[in-house]
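**Q** So here's start32.csv, just CSV, C-alpha atoms and all ligand atoms:
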```csv
chain,number,residue,atom,x,y,z
A,3,LYS,CA,-102.3,48.8,21.5
A,4,LEU,CA,-102.3,45.1,20.6
A,5,VAL,CA,-101.0,45.9,17.1
A,6,GLU,CA,-98.1,48.1,18.4
A,7,THR,CA,-97.2,45.4,20.9
A,8,SER,CA,-97.2,42.8,18.1
A,9,LYS,CA,-94.9,45.1,16.0
A,10,ARG,CA,-92.5,45.6,18.8
A,11,LEU,CA,-92.4,41.9,19.8
A,12,ALA,CA,-91.8,40.9,16.2
A,13,ALA,CA,-89.1,43.5,15.7
A,14,TYR,CA,-87.2,42.6,18.9
A,15,GLN,CA,-87.4,38.9,18.1
A,16,ALA,CA,-86.2,39.5,14.5
A,17,VAL,CA,-83.2,41.5,15.7
A,18,LYS,CA,-82.4,39.0,18.4
A,19,ASP,CA,-82.5,36.1,15.9
A,20,TYR,CA,-81.1,37.7,12.8
A,21,LEU,CA,-78.8,40.6,13.6
A,22,LEU,CA,-75.6,38.7,14.4
A,23,PRO,CA,-72.8,40.7,16.1
A,24,GLU,CA,-70.3,39.9,13.4
A,25,TYR,CA,-72.5,41.6,10.7
A,26,THR,CA,-71.2,45.0,9.5
A,27,ARG,CA,-73.7,46.1,6.8
A,28,VAL,CA,-77.5,46.3,7.7
A,29,GLY,CA,-80.4,47.5,5.5
A,30,ILE,CA,-83.2,49.4,7.2
A,31,GLY,CA,-86.6,49.6,5.6
A,32,SER,CA,-89.4,52.1,6.0
A,33,GLY,CA,-92.7,52.3,7.7
A,34,SER,CA,-93.9,52.1,11.3
A,35,THR,CA,-92.8,48.6,12.2
A,36,VAL,CA,-89.2,49.2,11.3
A,37,VAL,CA,-89.1,51.9,13.9
A,38,TYR,CA,-89.2,49.1,16.5
A,39,VAL,CA,-86.4,47.3,14.6
A,40,VAL,CA,-84.2,50.4,14.9
A,41,ASP,CA,-85.1,50.7,18.6
A,42,ALA,CA,-84.1,47.1,19.1
A,43,ILE,CA,-80.8,47.6,17.3
A,44,ALA,CA,-80.0,50.8,19.2
A,45,ALA,CA,-80.8,48.9,22.5
A,46,LEU,CA,-77.8,46.6,21.7
A,47,GLY,CA,-75.6,49.5,22.6
A,48,PRO,CA,-72.6,51.2,20.8
A,49,GLU,CA,-70.2,48.4,21.7
A,50,VAL,CA,-72.2,46.3,19.2
A,51,THR,CA,-73.6,48.9,16.8
A,52,SER,CA,-70.5,51.0,16.4
A,53,LYS,CA,-69.0,48.3,14.3
A,54,MET,CA,-72.0,48.3,11.9
A,55,VAL,CA,-73.2,50.6,9.1
A,56,PHE,CA,-76.8,51.1,8.3
A,57,TYR,CA,-78.3,51.6,4.8
A,58,PRO,CA,-81.6,53.5,4.4
A,59,THR,CA,-84.4,52.9,2.0
A,60,GLY,CA,-85.7,56.5,1.9
A,61,SER,CA,-85.9,59.8,3.8
A,62,GLN,CA,-87.9,58.3,6.8
A,63,SER,CA,-85.4,55.4,7.1
A,64,GLU,CA,-82.5,57.8,6.9
A,65,GLU,CA,-84.0,59.9,9.7
A,66,LEU,CA,-84.5,56.8,11.9
A,67,ILE,CA,-80.9,55.7,11.5
A,68,GLU,CA,-79.6,59.2,12.3
A,69,ALA,CA,-81.9,59.8,15.2
A,70,ALA,CA,-80.8,56.5,16.7
A,71,GLY,CA,-77.1,57.6,16.4
A,72,LEU,CA,-76.3,54.7,14.1
A,73,ASN,CA,-73.7,54.9,11.4
A,74,LEU,CA,-75.4,55.9,8.1
A,75,GLN,CA,-74.2,54.8,4.6
A,76,TYR,CA,-75.9,54.7,1.2
A,77,ILE,CA,-76.5,51.8,-1.0
A,78,SER,CA,-74.9,53.8,-3.8
A,79,LYS,CA,-71.6,53.4,-1.9
A,80,LEU,CA,-71.7,49.6,-1.5
A,81,PRO,CA,-68.6,48.4,-3.3
A,82,ALA,CA,-69.0,46.3,-6.4
A,83,GLY,CA,-69.6,42.6,-5.7
A,84,GLN,CA,-70.5,43.2,-2.1
A,85,GLN,CA,-73.8,42.6,-0.4
A,86,LEU,CA,-75.4,43.7,2.9
A,87,ASP,CA,-75.3,41.1,5.6
A,88,VAL,CA,-79.0,41.5,6.3
A,89,ALA,CA,-81.9,43.9,5.6
A,90,PHE,CA,-85.0,44.4,7.8
A,91,ASP,CA,-88.2,45.8,6.5
A,92,GLY,CA,-92.0,45.8,7.0
A,93,ALA,CA,-94.7,44.7,4.6
A,94,ASP,CA,-98.3,45.5,4.0
A,95,GLU,CA,-99.3,41.9,3.4
A,96,VAL,CA,-97.5,38.5,3.6
A,97,ASP,CA,-98.9,35.3,1.9
A,98,ASP,CA,-98.3,31.6,2.6
A,99,ASP,CA,-95.1,31.6,0.5
A,100,LEU,CA,-93.7,34.8,2.0
A,101,ASN,CA,-94.5,36.8,-1.0
A,102,LEU,CA,-95.1,40.4,0.1
A,103,ILE,CA,-97.1,43.4,-0.9
A,104,LYS,CA,-95.0,46.5,0.0
A,105,GLY,CA,-95.3,50.2,-0.7
A,106,GLY,CA,-97.9,51.3,1.7
A,107,GLY,CA,-95.4,53.9,2.7
A,108,ALA,CA,-94.5,54.7,-0.9
A,109,CYS,CA,-90.9,53.6,-0.3
A,110,LEU,CA,-91.0,50.4,-2.3
A,111,TRP,CA,-88.3,51.3,-5.0
A,112,GLN,CA,-85.4,51.9,-2.7
A,113,GLU,CA,-86.7,49.1,-0.4
A,114,LYS,CA,-86.4,46.6,-3.2
A,115,ILE,CA,-83.0,47.8,-4.2
A,116,VAL,CA,-81.7,47.4,-0.6
A,117,ALA,CA,-83.6,44.2,0.0
A,118,THR,CA,-82.1,42.6,-3.1
A,119,SER,CA,-78.6,43.8,-2.2
A,120,ALA,CA,-78.7,41.8,1.0
A,121,LYS,CA,-77.8,38.2,1.7
A,122,ARG,CA,-80.8,37.8,4.0
A,123,PHE,CA,-84.1,39.8,4.0
A,124,ILE,CA,-86.1,39.7,7.2
A,125,CYS,CA,-89.7,40.9,6.9
A,126,VAL,CA,-91.1,42.1,10.2
A,127,ALA,CA,-94.9,42.4,10.3
A,128,ASP,CA,-97.7,42.3,12.8
A,129,PHE,CA,-100.4,39.7,12.7
A,130,ARG,CA,-102.7,41.9,10.6
A,131,LYS,CA,-100.4,41.4,7.6
A,132,LEU,CA,-100.7,37.6,7.6
A,133,SER,CA,-102.9,36.5,4.7
A,134,PRO,CA,-103.4,33.3,2.7
A,135,ARG,CA,-103.2,35.2,-0.7
A,136,LEU,CA,-102.0,38.7,-1.4
A,137,GLY,CA,-104.9,41.0,-1.9
A,138,THR,CA,-107.1,39.3,0.8
A,139,ALA,CA,-106.1,41.4,3.8
A,140,TRP,CA,-104.5,44.4,1.9
A,141,LYS,CA,-107.3,45.7,-0.3
A,142,LYS,CA,-105.8,49.1,-1.3
A,143,GLY,CA,-104.0,47.5,-4.3
A,144,ILE,CA,-100.5,46.7,-5.3
A,145,PRO,CA,-98.4,49.9,-5.0
A,146,ILE,CA,-96.6,50.6,-8.3
A,147,GLU,CA,-94.0,53.4,-8.7
A,148,VAL,CA,-94.5,55.2,-12.0
A,149,LEU,CA,-93.1,58.1,-14.0
A,150,PRO,CA,-95.8,60.8,-13.5
A,151,MET,CA,-96.2,61.6,-17.2
A,152,ALA,CA,-96.9,57.9,-17.9
A,153,ALA,CA,-99.5,57.5,-15.2
A,154,PRO,CA,-102.6,57.7,-17.4
A,155,ARG,CA,-101.1,55.1,-19.8
A,156,VAL,CA,-100.2,52.8,-16.9
A,157,LEU,CA,-103.8,53.2,-15.5
A,158,ASP,CA,-105.2,52.1,-18.9
A,159,GLU,CA,-103.0,49.0,-19.1
A,160,LEU,CA,-103.9,48.1,-15.5
A,161,ARG,CA,-107.6,48.3,-16.2
A,162,ARG,CA,-107.0,46.1,-19.3
A,163,MET,CA,-105.2,43.6,-17.1
A,164,GLY,CA,-108.2,43.4,-14.8
A,165,SER,CA,-107.3,45.7,-12.0
A,166,GLN,CA,-110.4,47.0,-10.3
A,167,ASN,CA,-110.3,50.8,-10.1
A,168,PRO,CA,-106.5,51.5,-10.0
A,169,ARG,CA,-105.8,55.0,-9.0
A,170,ILE,CA,-103.0,57.5,-8.5
A,171,ARG,CA,-102.2,57.8,-4.7
A,172,PRO,CA,-103.3,61.3,-3.6
A,173,GLY,CA,-101.0,63.3,-1.4
A,174,LEU,CA,-101.6,63.5,2.3
A,175,PRO,CA,-103.2,66.7,3.8
A,176,GLY,CA,-100.8,69.5,3.2
A,177,LYS,CA,-99.8,68.1,-0.2
A,178,ALA,CA,-102.2,69.1,-3.0
A,179,GLY,CA,-102.1,66.6,-5.9
A,180,ALA,CA,-100.4,63.2,-5.9
A,181,THR,CA,-98.1,61.6,-3.4
A,182,VAL,CA,-94.5,62.2,-4.6
A,183,THR,CA,-92.0,59.5,-3.6
A,184,ASP,CA,-88.4,60.1,-2.4
A,185,ASN,CA,-87.5,59.5,-6.1
A,186,GLY,CA,-89.8,62.2,-7.5
A,187,MET,CA,-92.2,59.6,-8.8
A,188,TRP,CA,-95.9,58.9,-8.3
A,189,ILE,CA,-97.6,55.8,-6.8
A,190,ILE,CA,-100.5,54.0,-8.5
A,191,ASP,CA,-102.4,51.6,-6.2
A,192,ALA,CA,-103.8,48.7,-8.3
A,193,PRO,CA,-106.3,46.3,-6.7
A,194,PHE,CA,-106.4,42.8,-8.1
A,195,ALA,CA,-108.3,39.7,-7.1
A,196,PRO,CA,-106.3,37.6,-4.5
A,197,LEU,CA,-103.0,36.4,-6.2
A,198,LEU,CA,-102.6,32.7,-6.7
A,199,LEU,CA,-99.7,30.6,-5.6
A,200,PRO,CA,-98.1,27.6,-7.3
A,201,LYS,CA,-100.2,25.3,-5.1
A,202,ASP,CA,-103.3,26.8,-6.7
A,203,THR,CA,-102.1,26.7,-10.3
A,204,GLU,CA,-100.1,23.4,-10.2
A,205,SER,CA,-103.2,21.6,-9.2
A,206,GLY,CA,-104.5,22.6,-12.7
A,207,GLY,CA,-107.3,24.6,-11.1
A,208,GLN,CA,-106.4,28.0,-12.3
A,209,ALA,CA,-104.1,29.2,-15.1
A,210,GLY,CA,-103.1,32.3,-13.1
A,211,ASP,CA,-102.4,34.2,-16.4
A,212,GLY,CA,-105.0,36.9,-15.8
A,213,SER,CA,-107.8,35.0,-17.6
A,214,ASN,CA,-111.0,35.5,-15.6
A,215,GLY,CA,-109.0,38.2,-13.7
A,216,LEU,CA,-107.0,35.7,-11.7
A,217,TRP,CA,-103.2,36.1,-11.6
A,218,ALA,CA,-100.4,34.1,-10.1
A,219,VAL,CA,-98.0,36.3,-8.1
A,220,ASP,CA,-95.0,35.8,-10.4
A,221,VAL,CA,-97.0,36.0,-13.6
A,222,LEU,CA,-98.5,39.3,-12.6
A,223,ALA,CA,-95.2,40.7,-11.3
A,224,ASP,CA,-93.5,39.9,-14.7
A,225,ALA,CA,-96.4,41.6,-16.5
A,226,LEU,CA,-96.5,44.7,-14.3
A,227,ILE,CA,-92.8,45.4,-14.4
A,228,LYS,CA,-92.9,45.5,-18.2
A,229,ILE,CA,-95.5,48.2,-18.5
A,230,PRO,CA,-93.8,51.3,-20.0
A,231,GLY,CA,-93.6,54.0,-17.3
A,232,VAL,CA,-93.4,51.6,-14.4
A,233,ALA,CA,-90.3,52.1,-12.3
A,234,GLU,CA,-90.8,49.3,-9.7
A,235,ILE,CA,-93.7,47.3,-8.2
A,236,GLY,CA,-94.6,46.5,-4.6
A,237,LEU,CA,-94.6,42.8,-5.0
A,238,PHE,CA,-91.6,41.2,-3.3
A,239,TYR,CA,-90.2,37.6,-3.6
A,240,GLY,CA,-91.0,34.7,-1.4
A,241,LYS,CA,-89.7,31.2,-0.9
A,242,ASN,CA,-91.5,29.9,-4.0
A,243,GLY,CA,-92.2,33.3,-5.5
A,244,LEU,CA,-90.3,35.7,-7.7
A,245,GLN,CA,-86.7,35.1,-8.5
A,246,VAL,CA,-84.4,37.9,-7.3
A,247,ALA,CA,-81.9,39.2,-9.8
A,248,SER,CA,-79.2,39.8,-7.2
A,249,GLY,CA,-79.3,36.2,-6.1
A,250,ALA,CA,-80.2,37.4,-2.6
A,251,GLN,CA,-81.6,34.5,-0.6
A,252,LYS,CA,-85.4,34.4,-0.2
A,253,PRO,CA,-86.7,36.0,2.9
A,254,VAL,CA,-85.3,33.9,5.7
A,255,ALA,CA,-88.2,34.5,8.0
A,256,ALA,CA,-91.2,36.7,8.6
A,257,TYR,CA,-92.0,37.7,12.1
A,258,PHE,CA,-95.5,38.2,13.2
A,301,LIG,O1,-94.0,51.0,2.4
A,301,LIG,C1,-93.5,49.9,2.8
A,301,LIG,O2,-93.2,49.0,2.0
A,301,LIG,C2,-93.5,49.7,4.3
A,301,LIG,O3,-92.5,48.8,4.6
A,301,LIG,C3,-94.9,49.1,4.7
A,301,LIG,O4,-95.2,48.1,3.8
A,301,LIG,C4,-94.9,48.6,6.1
A,301,LIG,O5,-95.4,49.7,6.8
A,301,LIG,P1,-95.9,49.4,8.3
A,301,LIG,O6,-94.7,48.7,9.0
A,301,LIG,O7,-96.1,50.8,8.8
A,301,LIG,O8,-97.1,48.6,8.3
```
Translate this structure into structure tokens?
**A**
Amino acid sequence: KLVETSKRLAAYQAVKDYLLPEYTRVGIGSGSTVVYVVDAIAALGPEVTSKMVFYPTGSQSEELIEAAGLNLQYISKLPAGQQLDVAFDGADEVDDDLNLIKGGGACLWQEKIVATSAKRFICVADFRKLSPRLGTAWKKGIPIEVLPMAAPRVLDELRRMGSQNPRIRPGLPGKAGATVTDNGMWIIDAPFAPLLLPKDTESGGQAGDGSNGLWAVDVLADALIKIPGVAEIGLFYGKNGLQVASGAQKPVAAYF
């Protein structure tokens, strides 16, 4: 109950603060917290929302937008050189620098495409997601979207990089075999020791290069994305974290 209340409060506050009436293009993430974001947007009423178009990050997100009667459009239709005004999404874990672990809902690939197509990215998360370092609160591992036929090779490389017991995410009851994403891919969950921040490595304490199994967020992200067979990784940028290709601003705020 407390968690749901926290999600709802965070979502309504985030929409109040960051969905400005003049915005026309809005990204909608996936998961259970973003349900409250869509509720809060729908509550603004059609006089506000009818002027806006909403971009999904997967099948669940698309259903949320349609069920709320909001205008649906796809990121594949965003004109060249244009960006979304804002994108809202959840996270599995948020560290001190607003770096995120995402992918608990296996939607990370389209989520990152939409998030990095937006001028502002608002992460909405309940208090459970707050953590000093990624991997402290969320112990299931970093979600990594992979080409199924490459999964065994990727698992080998992850073990070599020091991941403890990486594994292919099994399907939910009713789906024999692996979880299959909206993109027809698999997810590997790769646990690592808590990921270091610049304030840990700059002080000269730790290298963060994977030696003794300790990685800095950006060093690990750069290494993971290069593994052949990896499509996308569930590590998202923060204010001092990963650079974002699209030049999208860092997460403006995280709401807890
Ligand atoms: O899969 C995802 O990235 C989701 O956004 C997830 O990280 C958040 O899901 P939740 O809001 O249900 O915790």
**Q** Under the rule that only C-alpha atoms and all ligand atoms are counted, which of A:Asp128, A:Glu65, A:Asp19, A:Asp99 is the nearest residue to ligand LIG 301 (chain A)?
**A** A:Asp128
**Q** Distance atom O2 of ligand LIG 301 (chain A)-atom CA of A:Ala44, one decimal place?
**A**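 According to the coordinates, atom O2 of ligand LIG 301 (chain A) and atom CA of A:Ala44 are separated by 21.8 Å.
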**Q** Considering all atoms listed in the file, can you say which of A:Tyr25, A:Tyr20, A:Phe56, A:Trp140 comes closest to ligand LIG 301 (chain A)?
**A**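 Residue with the minimum atom-to-atom distance to ligand LIG 301 (chain A): A:Trp140.
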**Q** Any residue with an atom at most 7 Å from ligand LIG 301 (chain A) counts, using only C-alpha atoms and all ligand atoms. Which are they? Put them as an MDAnalysis selection string.
**A** chainID A and resid 31:36 91:94 103:110 113 127
**Q** Counting only C-alpha atoms, which residue out of A:Thr181, A:Leu226, A:Ala218, A:Asp41 sits closest to A:Val156?
**A**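 Using only C-alpha atoms, the shortest distance to A:Val156 belongs to A:Leu226.
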